[in-house]
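Engineer: For reference, the file input35.txt (compact mmCIF, C-alpha atoms) is included below:
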```txt
# COMPACT_ATOMS: atom_id res chain seq x y z
CA MET P 1 3.02 -56.60 -18.28
CA SER P 2 4.84 -53.33 -18.95
CA TYR P 3 4.97 -50.49 -16.45
CA GLN P 4 3.97 -46.96 -17.30
CA SER P 5 7.12 -44.82 -17.28
CA THR P 6 7.75 -43.09 -13.97
CA GLU P 7 10.55 -40.89 -12.73
CA LEU P 8 11.75 -41.70 -9.24
CA GLY P 9 13.36 -39.07 -7.11
CA GLY P 10 15.55 -41.64 -5.41
CA ILE P 11 14.34 -44.64 -3.42
CA MET P 12 11.91 -43.48 -0.77
CA ASN P 13 10.65 -45.13 2.36
CA ILE P 14 6.90 -45.58 2.25
CA VAL P 15 4.65 -46.59 5.12
CA MET P 16 1.20 -47.94 4.32
CA ILE P 17 -1.27 -47.90 7.19
CA ASN P 18 -4.15 -50.23 6.43
CA ALA P 19 -6.50 -52.88 7.73
CA ASN P 20 -5.15 -55.59 5.41
CA HIS P 21 -6.69 -53.72 2.46
CA VAL P 22 -6.40 -55.59 -0.83
CA ARG P 23 -5.87 -52.25 -2.57
CA ALA P 24 -2.86 -51.49 -0.34
CA GLN P 25 -1.39 -54.91 -1.02
CA LYS P 26 -1.67 -54.49 -4.79
CA ILE P 27 -0.16 -51.01 -4.85
CA SER P 28 2.67 -52.12 -2.57
CA THR P 29 3.46 -55.09 -4.83
CA VAL P 30 3.97 -52.80 -7.82
CA LEU P 31 5.89 -50.18 -5.82
CA ARG P 32 8.33 -52.79 -4.58
CA TYR P 33 8.96 -53.89 -8.16
CA LEU P 34 9.90 -50.28 -8.88
CA GLY P 35 12.39 -50.24 -6.01
CA PHE P 36 10.42 -48.72 -3.14
CA SER P 37 10.70 -50.04 0.39
CA VAL P 38 7.19 -50.40 1.83
CA LEU P 39 6.49 -50.93 5.50
CA GLY P 40 2.96 -52.24 5.98
CA LEU P 41 1.30 -51.30 9.26
CA CYS P 42 -1.71 -53.59 9.52
CA TYR P 43 -4.62 -53.29 11.91
CA ASN P 44 -4.85 -55.96 14.61
CA SER P 45 -3.90 -58.98 12.48
CA LEU P 46 -1.77 -60.00 9.55
CA THR P 47 -3.03 -61.94 6.53
CA PRO P 48 -0.79 -64.13 4.34
CA GLU P 49 -1.43 -61.66 1.49
CA SER P 50 -0.08 -58.76 3.55
CA LYS P 51 3.03 -60.72 4.49
CA LEU P 52 3.82 -61.17 0.80
CA ALA P 53 2.91 -57.67 -0.34
CA PHE P 54 5.01 -55.50 1.99
CA THR P 55 8.75 -55.31 2.50
CA GLN P 56 8.17 -55.49 6.26
CA THR P 57 5.08 -55.55 8.45
CA GLU P 58 4.07 -54.34 11.91
CA LEU P 59 0.78 -54.49 13.78
CA TYR P 60 -1.20 -51.76 15.51
CA ALA P 61 -4.58 -51.79 17.26
CA THR P 62 -5.08 -48.35 18.83
CA PRO P 63 -3.98 -44.76 18.19
CA LEU P 64 -1.38 -45.22 20.95
CA SER P 65 0.09 -48.40 19.46
CA LEU P 66 0.13 -46.85 15.98
CA ALA P 67 1.99 -43.83 17.35
CA GLY P 68 4.44 -46.20 19.00
CA VAL P 69 5.29 -47.86 15.68
CA LEU P 70 5.50 -44.58 13.74
CA SER P 71 7.48 -42.52 16.26
CA PRO P 72 10.97 -44.00 15.60
CA LEU P 73 10.69 -43.50 11.81
CA PRO P 74 12.43 -40.59 10.00
CA ARG P 75 10.06 -37.68 9.51
CA ASN P 76 10.77 -37.61 5.74
CA THR P 77 9.00 -40.97 5.47
CA ILE P 78 5.83 -40.72 3.38
CA VAL P 79 2.81 -42.19 5.16
CA HIS P 80 0.13 -43.55 2.84
CA VAL P 81 -3.06 -44.15 4.83
CA PHE P 82 -5.87 -46.32 3.53
CA HIS P 83 -9.10 -44.97 4.98
CA GLU P 84 -11.30 -46.31 6.70
CA PRO P 85 -11.03 -45.51 9.58
CA ALA P 86 -9.90 -41.89 9.38
CA TRP P 87 -8.19 -41.49 12.76
CA MET P 88 -4.99 -43.03 11.39
CA VAL P 89 -4.44 -39.89 9.31
CA MET P 90 -4.60 -37.73 12.41
CA VAL P 91 -2.10 -39.86 14.34
CA ALA P 92 0.46 -39.63 11.51
CA LYS P 93 -0.02 -35.87 11.06
CA GLN P 94 0.29 -35.17 14.79
CA LEU P 95 3.67 -36.91 14.68
CA GLY P 96 4.82 -34.60 11.88
CA PHE P 97 4.73 -36.94 8.86
CA LYS P 98 3.76 -36.14 5.29
CA VAL P 99 0.49 -38.01 4.80
CA ILE P 100 -1.46 -39.22 1.77
CA MET P 101 -5.06 -40.22 2.48
CA ASP P 102 -6.25 -42.97 0.15
CA VAL P 103 -9.96 -42.25 0.39
CA GLY P 104 -12.31 -45.21 0.71
CA ASP P 105 -16.03 -45.16 1.44
CA LEU P 106 -16.67 -41.60 2.58
CA GLU P 107 -19.66 -40.95 4.83
CA LEU P 108 -19.99 -37.69 2.90
CA VAL P 109 -20.88 -39.84 -0.09
CA ARG P 110 -22.63 -42.74 1.64
CA THR P 111 -24.98 -40.72 3.84
CA GLY P 112 -24.18 -37.05 3.23
CA GLN P 113 -23.23 -36.66 6.88
CA LYS P 114 -20.12 -34.85 8.05
CA GLU P 115 -18.28 -37.10 10.49
CA LEU P 116 -15.84 -35.01 12.50
CA GLU P 117 -13.03 -37.55 12.26
CA GLU P 118 -13.43 -37.94 8.51
CA VAL P 119 -13.63 -34.19 7.89
CA ALA P 120 -10.52 -33.59 10.01
CA ALA P 121 -8.61 -36.25 8.07
CA LEU P 122 -9.61 -34.80 4.67
CA GLN P 123 -8.48 -31.34 5.76
CA SER P 124 -5.27 -32.49 7.46
CA ALA P 125 -3.82 -34.86 4.88
CA ASP P 126 -1.16 -33.40 2.56
CA SER P 127 -2.56 -35.18 -0.51
CA LEU P 128 -5.59 -37.26 -1.41
CA ILE P 129 -6.14 -40.28 -3.65
CA TYR P 130 -9.77 -40.77 -4.65
CA ASN P 131 -11.08 -44.02 -6.12
CA SER P 132 -13.95 -42.22 -7.82
CA ASP P 133 -13.47 -39.06 -9.84
CA ASN P 134 -16.64 -37.42 -8.54
CA TYR P 135 -15.60 -37.58 -4.87
CA PRO P 136 -14.23 -34.00 -4.99
CA GLN P 137 -17.73 -32.84 -5.86
CA PHE P 138 -19.10 -34.21 -2.57
CA VAL P 139 -16.21 -32.76 -0.59
CA ASN P 140 -16.80 -29.34 -2.13
CA GLU P 141 -20.57 -29.52 -1.65
CA ALA P 142 -19.98 -30.19 2.03
CA GLY P 143 -18.24 -26.82 2.23
CA LEU P 144 -14.81 -28.28 3.02
CA GLU P 145 -11.80 -26.30 1.89
CA VAL P 146 -9.60 -29.04 0.49
CA THR P 147 -6.91 -27.39 -1.58
CA LYS P 148 -4.17 -29.93 -2.11
CA ASP P 149 -2.82 -32.39 -4.65
CA VAL P 150 -5.50 -34.88 -5.62
CA VAL P 151 -5.20 -38.03 -7.71
CA ASN P 152 -8.13 -40.01 -9.10
CA LEU P 153 -7.20 -43.69 -9.32
CA PHE P 154 -9.83 -46.16 -10.48
CA PRO P 155 -7.82 -49.32 -11.16
CA TYR P 156 -6.62 -51.59 -8.46
CA ASN P 157 -5.79 -54.69 -10.48
CA CYS P 158 -2.29 -56.08 -10.43
CA SER P 159 -1.27 -58.26 -13.36
CA LYS P 160 -0.13 -61.04 -11.03
CA ASP P 161 -3.81 -61.51 -10.15
CA TYR P 162 -4.89 -62.11 -13.73
CA LYS P 163 -6.59 -65.42 -14.30
CA GLN P 164 -7.77 -67.00 -17.50
CA PRO P 165 -11.54 -67.46 -17.22
CA THR P 166 -12.84 -71.03 -17.50
CA PHE P 167 -16.61 -70.31 -17.54
CA LYS P 168 -17.02 -73.97 -16.45
CA GLN P 169 -19.74 -73.42 -13.87
CA GLY P 170 -21.63 -70.61 -15.56
CA GLY P 171 -24.17 -68.40 -13.85
CA ILE P 172 -23.68 -65.01 -12.26
CA ALA P 173 -21.12 -64.24 -9.54
CA TYR P 174 -21.48 -61.58 -6.87
CA GLY P 175 -18.54 -60.67 -4.66
CA GLY P 176 -18.21 -58.20 -1.80
CA LYS P 177 -20.00 -57.20 1.38
CA VAL P 178 -23.45 -58.73 1.77
CA HIS P 179 -25.90 -58.04 4.60
CA PRO P 180 -29.23 -59.70 5.46
CA PRO P 181 -32.59 -57.92 4.89
CA TRP P 182 -32.63 -56.60 8.45
CA ALA P 183 -29.37 -54.69 7.97
CA ILE P 184 -29.30 -51.18 9.41
CA ASP P 185 -30.40 -48.36 7.11
CA LYS P 186 -26.86 -47.11 6.56
CA VAL P 187 -25.91 -50.26 4.63
CA GLN P 188 -29.27 -51.26 3.14
CA TYR P 189 -27.60 -51.25 -0.26
CA ARG P 190 -25.80 -54.40 0.86
CA ASN P 191 -29.11 -56.22 1.34
CA ILE P 192 -29.22 -57.89 -2.06
CA GLU P 193 -32.22 -60.14 -1.32
CA PRO P 194 -34.46 -58.47 -3.96
CA ILE P 195 -31.76 -59.01 -6.59
CA VAL P 196 -31.14 -62.60 -5.56
CA GLU P 197 -34.85 -63.42 -5.60
CA GLY P 198 -35.32 -61.73 -8.97
CA ILE P 199 -32.49 -63.62 -10.64
CA ALA P 200 -33.52 -66.94 -9.06
CA LYS P 201 -37.00 -66.49 -10.56
CA LEU P 202 -35.31 -66.25 -13.96
CA LYS P 203 -33.79 -69.69 -13.24
CA ILE P 204 -30.26 -68.35 -13.54
CA PRO P 205 -27.71 -69.68 -11.00
CA PHE P 206 -26.51 -66.92 -8.66
CA HIS P 207 -23.26 -67.39 -6.72
CA ILE P 208 -22.54 -65.19 -3.68
CA TYR P 209 -18.93 -64.74 -2.51
CA PRO P 210 -19.11 -62.58 0.66
CA SER P 211 -16.05 -60.70 1.87
CA ALA P 212 -17.17 -61.42 5.46
CA MET P 213 -19.60 -63.85 7.08
CA VAL P 214 -21.75 -61.28 8.85
CA PRO P 215 -24.50 -62.40 11.25
CA GLY P 216 -27.62 -63.41 9.36
CA ILE P 217 -25.93 -63.98 6.02
CA MET P 218 -26.96 -67.65 5.96
CA HIS P 219 -30.46 -66.36 5.21
CA TYR P 220 -29.48 -66.27 1.54
CA LYS P 221 -29.19 -70.06 1.50
CA THR P 222 -32.91 -70.34 2.18
CA ILE P 223 -34.08 -68.24 -0.81
CA ASP P 224 -33.85 -70.90 -3.52
CA PRO P 225 -31.38 -73.77 -2.94
CA LYS P 226 -31.65 -74.76 -6.60
CA TYR P 227 -30.42 -71.45 -7.98
CA VAL P 228 -28.79 -69.55 -5.12
CA PHE P 229 -25.39 -70.55 -3.75
CA LEU P 230 -23.61 -68.94 -0.80
CA TYR P 231 -19.91 -69.65 -0.25
CA GLU P 232 -17.65 -69.18 2.76
CA THR P 233 -15.27 -66.23 2.81
CA VAL P 234 -11.92 -67.32 1.37
CA PRO P 235 -8.46 -65.78 0.83
CA TYR P 236 -8.25 -63.35 -2.07
CA GLU P 237 -6.32 -65.64 -4.41
CA THR P 238 -8.90 -68.39 -3.89
CA LEU P 239 -11.70 -65.91 -4.50
CA LEU P 240 -10.24 -65.01 -7.91
CA LEU P 241 -9.90 -68.67 -8.86
CA ASN P 242 -13.55 -69.23 -7.91
CA LEU P 243 -14.89 -66.18 -9.73
CA ARG P 244 -13.37 -67.18 -13.06
CA ARG P 245 -15.72 -70.18 -13.29
CA HIS P 246 -18.79 -68.05 -14.00
CA HIS P 247 -20.20 -66.23 -17.01
CA TRP P 248 -20.90 -62.82 -15.48
CA GLY P 249 -19.98 -60.68 -12.49
CA LEU P 250 -22.71 -58.47 -11.04
CA ILE P 251 -22.50 -54.91 -9.73
CA GLY P 252 -25.94 -54.26 -8.31
CA CYS P 253 -27.98 -52.29 -5.83
CA PRO P 254 -31.53 -53.15 -4.73
CA ILE P 255 -32.34 -49.44 -4.35
CA LYS P 256 -32.77 -47.21 -7.40
CA ASN P 257 -30.98 -43.82 -7.31
CA HIS P 258 -29.05 -44.78 -4.17
CA ARG P 259 -26.69 -41.95 -3.22
CA PHE P 260 -23.68 -44.14 -2.51
CA MET P 261 -24.00 -46.86 -5.15
CA ASP P 262 -24.66 -44.30 -7.89
CA ASN P 263 -21.42 -42.47 -7.11
CA VAL P 264 -18.78 -45.15 -6.65
CA VAL P 265 -17.07 -47.75 -8.80
CA PRO P 266 -17.04 -50.79 -6.46
CA GLN P 267 -13.72 -52.56 -6.19
CA LYS P 268 -15.31 -55.91 -6.96
CA LEU P 269 -15.73 -54.66 -10.52
CA PHE P 270 -11.95 -54.88 -10.87
CA ASP P 271 -11.93 -58.40 -9.40
CA TYR P 272 -14.25 -59.45 -12.22
CA ILE P 273 -12.00 -57.76 -14.76
CA ALA P 274 -8.92 -59.51 -13.33
CA VAL P 275 -10.43 -62.93 -14.03
CA GLY P 276 -11.92 -62.02 -17.39
CA LEU P 277 -15.59 -61.85 -16.43
CA PRO P 278 -17.91 -59.49 -18.28
CA ILE P 279 -20.07 -57.33 -16.01
CA ILE P 280 -23.77 -56.77 -15.45
CA VAL P 281 -24.63 -53.42 -13.84
CA TYR P 282 -27.97 -52.80 -12.11
CA ASN P 283 -28.77 -49.53 -10.29
CA SER P 284 -25.20 -48.27 -10.10
CA LYS P 285 -24.70 -45.22 -12.35
CA ARG P 286 -20.96 -44.65 -11.97
CA ALA P 287 -20.20 -48.33 -12.59
CA ALA P 288 -22.57 -48.25 -15.57
CA GLU P 289 -20.62 -45.37 -17.12
CA PHE P 290 -17.38 -47.27 -16.61
CA VAL P 291 -18.69 -50.50 -18.16
CA LYS P 292 -20.13 -48.65 -21.17
CA LYS P 293 -16.92 -46.69 -21.70
CA TYR P 294 -14.82 -49.84 -22.00
CA ASP P 295 -17.56 -51.99 -23.58
CA ILE P 296 -17.11 -54.79 -21.05
CA GLY P 297 -20.67 -55.69 -20.15
CA ILE P 298 -24.32 -54.72 -20.05
CA VAL P 299 -26.39 -52.23 -18.07
CA VAL P 300 -29.95 -53.27 -17.18
CA ASP P 301 -32.87 -51.32 -15.73
CA ASP P 302 -34.92 -54.45 -15.10
CA LEU P 303 -33.56 -57.81 -13.95
CA LYS P 304 -35.64 -59.56 -16.63
CA GLU P 305 -33.29 -58.06 -19.23
CA ILE P 306 -30.55 -60.35 -17.90
CA LYS P 307 -32.42 -63.41 -19.17
CA GLU P 308 -32.85 -61.84 -22.61
CA ARG P 309 -29.19 -60.81 -22.91
CA TYR P 310 -27.52 -63.60 -20.94
CA ASP P 311 -25.63 -65.17 -23.87
CA GLU P 312 -23.90 -61.88 -24.67
CA TRP P 313 -21.27 -62.84 -22.10
CA LYS P 314 -19.43 -64.59 -24.93
CA ILE P 315 -18.96 -61.28 -26.75
CA PHE P 316 -18.08 -59.08 -23.78
CA ALA P 317 -15.67 -61.60 -22.25
CA LYS P 318 -13.35 -61.01 -25.22
CA ASN P 319 -13.46 -57.25 -24.62
CA VAL P 320 -12.53 -57.65 -20.96
CA ILE P 321 -9.33 -59.47 -21.88
CA LYS P 322 -8.49 -56.76 -24.43
CA VAL P 323 -8.72 -53.84 -21.98
CA ARG P 324 -7.64 -55.24 -18.64
CA ASP P 325 -3.95 -54.38 -19.05
CA SER P 326 -4.81 -50.71 -19.52
CA LEU P 327 -6.82 -50.82 -16.29
CA SER P 328 -4.01 -52.27 -14.19
CA ILE P 329 -2.12 -50.58 -11.38
CA GLU P 330 1.09 -51.11 -13.35
CA GLN P 331 -0.19 -48.81 -16.08
CA ASN P 332 -1.40 -46.22 -13.58
CA ILE P 333 1.25 -46.36 -10.86
CA PHE P 334 2.92 -43.21 -12.20
CA LYS P 335 0.04 -41.20 -10.70
CA ILE P 336 1.09 -42.38 -7.25
CA THR P 337 4.85 -42.12 -7.70
CA GLU P 338 4.51 -38.58 -9.04
CA LEU P 339 2.49 -37.73 -5.94
CA TYR P 340 5.19 -39.28 -3.74
CA ASN P 341 7.90 -37.28 -5.52
CA LYS P 342 5.98 -34.05 -5.15
CA LEU P 343 5.33 -34.73 -1.48
CA GLU P 344 8.97 -35.65 -0.84
CA LEU P 345 9.99 -32.14 -1.93
CA LYS P 346 7.43 -30.51 0.33
CA GLU P 347 8.56 -29.15 3.69
CA VAL P 348 7.15 -31.08 6.65
CA ALA P 349 4.47 -28.98 8.34
```
Give the structure from this file in structure tokens form.
Structural biologist:
Amino acid sequence: MSYQSTELGGIMNIVMINANHVRAQKISTVLRYLGFSVLGLCYNSLTPESKLAFTQTELYATPLSLAGVLSPLPRNTIVHVFHEPAWMVMVAKQLGFKVIMDVGDLELVRTGQKELEEVAALQSADSLIYNSDNYPQFVNEAGLEVTKDVVNLFPYNCSKDYKQPTFKQGGIAYGGKVHPPWAIDKVQYRNIEPIVEGIAKLKIPFHIYPSAMVPGIMHYKTIDPKYVFLYETVPYETLLLNLRRHHWGLIGCPIKNHRFMDNVVPQKLFDYIAVGLPIIVYNSKRAAEFVKKYDIGIVVDDLKEIKERYDEWKIFAKNVIKVRDSLSIEQNIFKITELYNKLELKEVA
């Protein structure tokens, strides 16, 4: 894997505040290859993946403990915060650091509500990294004056995660957060029961890989034991090895025209790409645009279409392998390093 050319203004010290985010780990891995020193401040616990990804690691659990870890650091250190939650941005800014907010799932997008903490973080950060290029639209519509350097960064694959697909088990894989039917309204898009039932009726095996074993998730085992399979949450590397066994990866929402799912490109899409799986998109407009642009899967309006087009995985799987290098962090890291360089030259507020 080659790295997109990037000009470094000297070796900087970078701090990444995160809750063991996979995205943070991947970006740190590439930055370290380029010569950056990355201190990972991880919320409450430390995963094996975080230990490997960062140059050094520290733990924090509260605003006070985070401030305690940050306080001794030189104020020219660049602090890269992976939201959520948003309060971490405020702690770093109050201590006088230059802060980049790596924007995750905004409530402005998910529900349209202005959360005070989130709004304050968006306005206080020195620079923003969005993982969807239409996020600025929602920020502007909310009447927030956010005039600062902004980077749109879709990819979060790292070439070290690439796996050769085996397709041995077949069926459709679904990775990510999954909630039972009685989930609260705010996350109803994670209740995938209608999708699971619909695909099971088509007699297509459906494999669920949840990112967390939330209460009630075992309900999915009762839907159709012959065609629906629920697995335990596993480390990221194991997840990738498991995903590569299937024919398709699904990006889907049970609710048509859902505000959040229509305006994000879920990170699990890049997990599928990393292991060479073509993608099925159902009720997710932004992801549909992405998949069509790179010709790496199909977009369906009705689940029955999946049965009709199932064997097309053989065609699209080849396309995924062709494009995945261009969608890697290595090929897009210059967007971040340029932002770091620009911020390094900025006077601390």
Engineer: Closest to Glu49 in chain P among P:Gly96, P:Pro235, P:Pro194, P:Pro266, using all atoms listed in the file?
Structural biologist: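 Residue with the minimum atom-to-atom distance to Glu49 in chain P: P:Pro235.
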Engineer: Provide the CA of Leu250 in chain P to CA of Pro48 in chain P distance in Å, to one decimal place.
Structural biologist: 27.4 Å
Engineer: For Ile336 in chain P, which residue among P:Gln188, P:Val15, P:Asn152, P:Ala173 is the nearest when counting only C-alpha atoms?
Structural biologist: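 Nearest candidate to Ile336 in chain P out of P:Gln188, P:Val15, P:Asn152, P:Ala173: P:Asn152.
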Engineer: Report as an MDAnalysis selection string all protein, DNA and RNA residues lying within 9 Å of range 224-233 of chain P, evaluated on all atoms listed in the file, omitting residues in the same chain fewer than 2 positions from it.
Structural biologist: chainID P and resid 196:197 199:201 203:213 217:218 220:222 235 239
Engineer: Pick from P:Val150, P:Val119, P:Leu243, P:Cys158: nearest to Ser326 in chain P, with all atoms listed in the file counted?
Structural biologist: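 Ranking P:Val150, P:Val119, P:Leu243, P:Cys158 by distance to Ser326 in chain P, first place goes to P:Cys158.
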Engineer: Could you tell me which of P:Leu108, P:Ile17, P:Leu116, P:Ile129 comes closest to Tyr340 in chain P if we count only C-alpha atoms?
Structural biologist: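 Going through P:Leu108, P:Ile17, P:Leu116, P:Ile129 one by one, the smallest distance to Tyr340 in chain P is for P:Ile129.
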Engineer: Any idea what the distance is between CA of Gly276 in chain P and CA of Lys163 in chain P?
Structural biologist: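 Spanning CA of Gly276 in chain P to CA of Lys163 in chain P is a straight-line distance of 7.0 Å.
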Engineer: Calculated over only C-alpha atoms, which of the candidates P:Ser328, P:Asn341, P:Asn134, P:Ser284 has the smallest distance to Tyr162 in chain P?
Structural biologist: P:Ser328
Engineer: With only C-alpha atoms as the counted atoms, please give the residues lying no more than 9 Å from Ile315 in chain P, apart from itself and same-chain residues fewer than 2 positions off, as a list in words.
Structural biologist: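 Listing them by chain and then by number gives Pro278, Ile296, Gly297, Asp311, Glu312, Trp313, Ala317, Lys318 and Asn319 of chain P.
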Engineer: Generate the output file for the selected residues, C-alpha atoms, as a CSV table (one decimal), in the coordinates of the input.
Structural biologist:
```csv
chain,number,residue,atom,x,y,z
P,278,PRO,CA,-17.9,-59.5,-18.3
P,296,ILE,CA,-17.1,-54.8,-21.0
P,297,GLY,CA,-20.7,-55.7,-20.2
P,311,ASP,CA,-25.6,-65.2,-23.9
P,312,GLU,CA,-23.9,-61.9,-24.7
P,313,TRP,CA,-21.3,-62.8,-22.1
P,317,ALA,CA,-15.7,-61.6,-22.2
P,318,LYS,CA,-13.4,-61.0,-25.2
P,319,ASN,CA,-13.5,-57.2,-24.6
```
Engineer: Can you list, as JSON, numbers by chain, every protein, DNA or RNA residue that comes within 9 Å of Asn18 in chain P when you count all atoms listed in the file, leaving out same-chain residues fewer than 6 positions away?
Structural biologist: {"P": [24, 40, 41, 42, 43, 80, 81, 82, 83, 84, 85, 88]}
Engineer: Could you take the residues named above and write them with C-alpha atoms, as a tab-separated table (two decimals), keeping the file's coordinate frame?
Structural biologist:
```tsv
chain	number	residue	atom	x	y	z
P	24	ALA	CA	-2.86	-51.49	-0.34
P	40	GLY	CA	2.96	-52.24	5.98
P	41	LEU	CA	1.30	-51.30	9.26
P	42	CYS	CA	-1.71	-53.59	9.52
P	43	TYR	CA	-4.62	-53.29	11.91
P	80	HIS	CA	0.13	-43.55	2.84
P	81	VAL	CA	-3.06	-44.15	4.83
P	82	PHE	CA	-5.87	-46.32	3.53
P	83	HIS	CA	-9.10	-44.97	4.98
P	84	GLU	CA	-11.30	-46.31	6.70
P	85	PRO	CA	-11.03	-45.51	9.58
P	88	MET	CA	-4.99	-43.03	11.39
```
Engineer: Quick one: pull the distance between CA of Glu338 in chain P and CA of His21 in chain P, Å, one decimal.
Structural biologist: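 CA of His21 in chain P lies at a distance of 22.1 Å from CA of Glu338 in chain P.
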Engineer: Which residues are close to range 258-265 of chain P, i.e. within 8 Å by only C-alpha atoms, leaving aside same-chain residues fewer than 6 positions away? Reply as a PyMOL selection string.
Structural biologist: chain P and resi 109-111+131-132+134-135+154+189+283-287+290
Engineer: Using only C-alpha atoms for the distances, tell me which of P:Pro165, P:Gly112, P:Pro63, P:Gly216 is nearest to Ile273 in chain P.
Structural biologist: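 Using only C-alpha atoms, the shortest distance to Ile273 in chain P belongs to P:Pro165.
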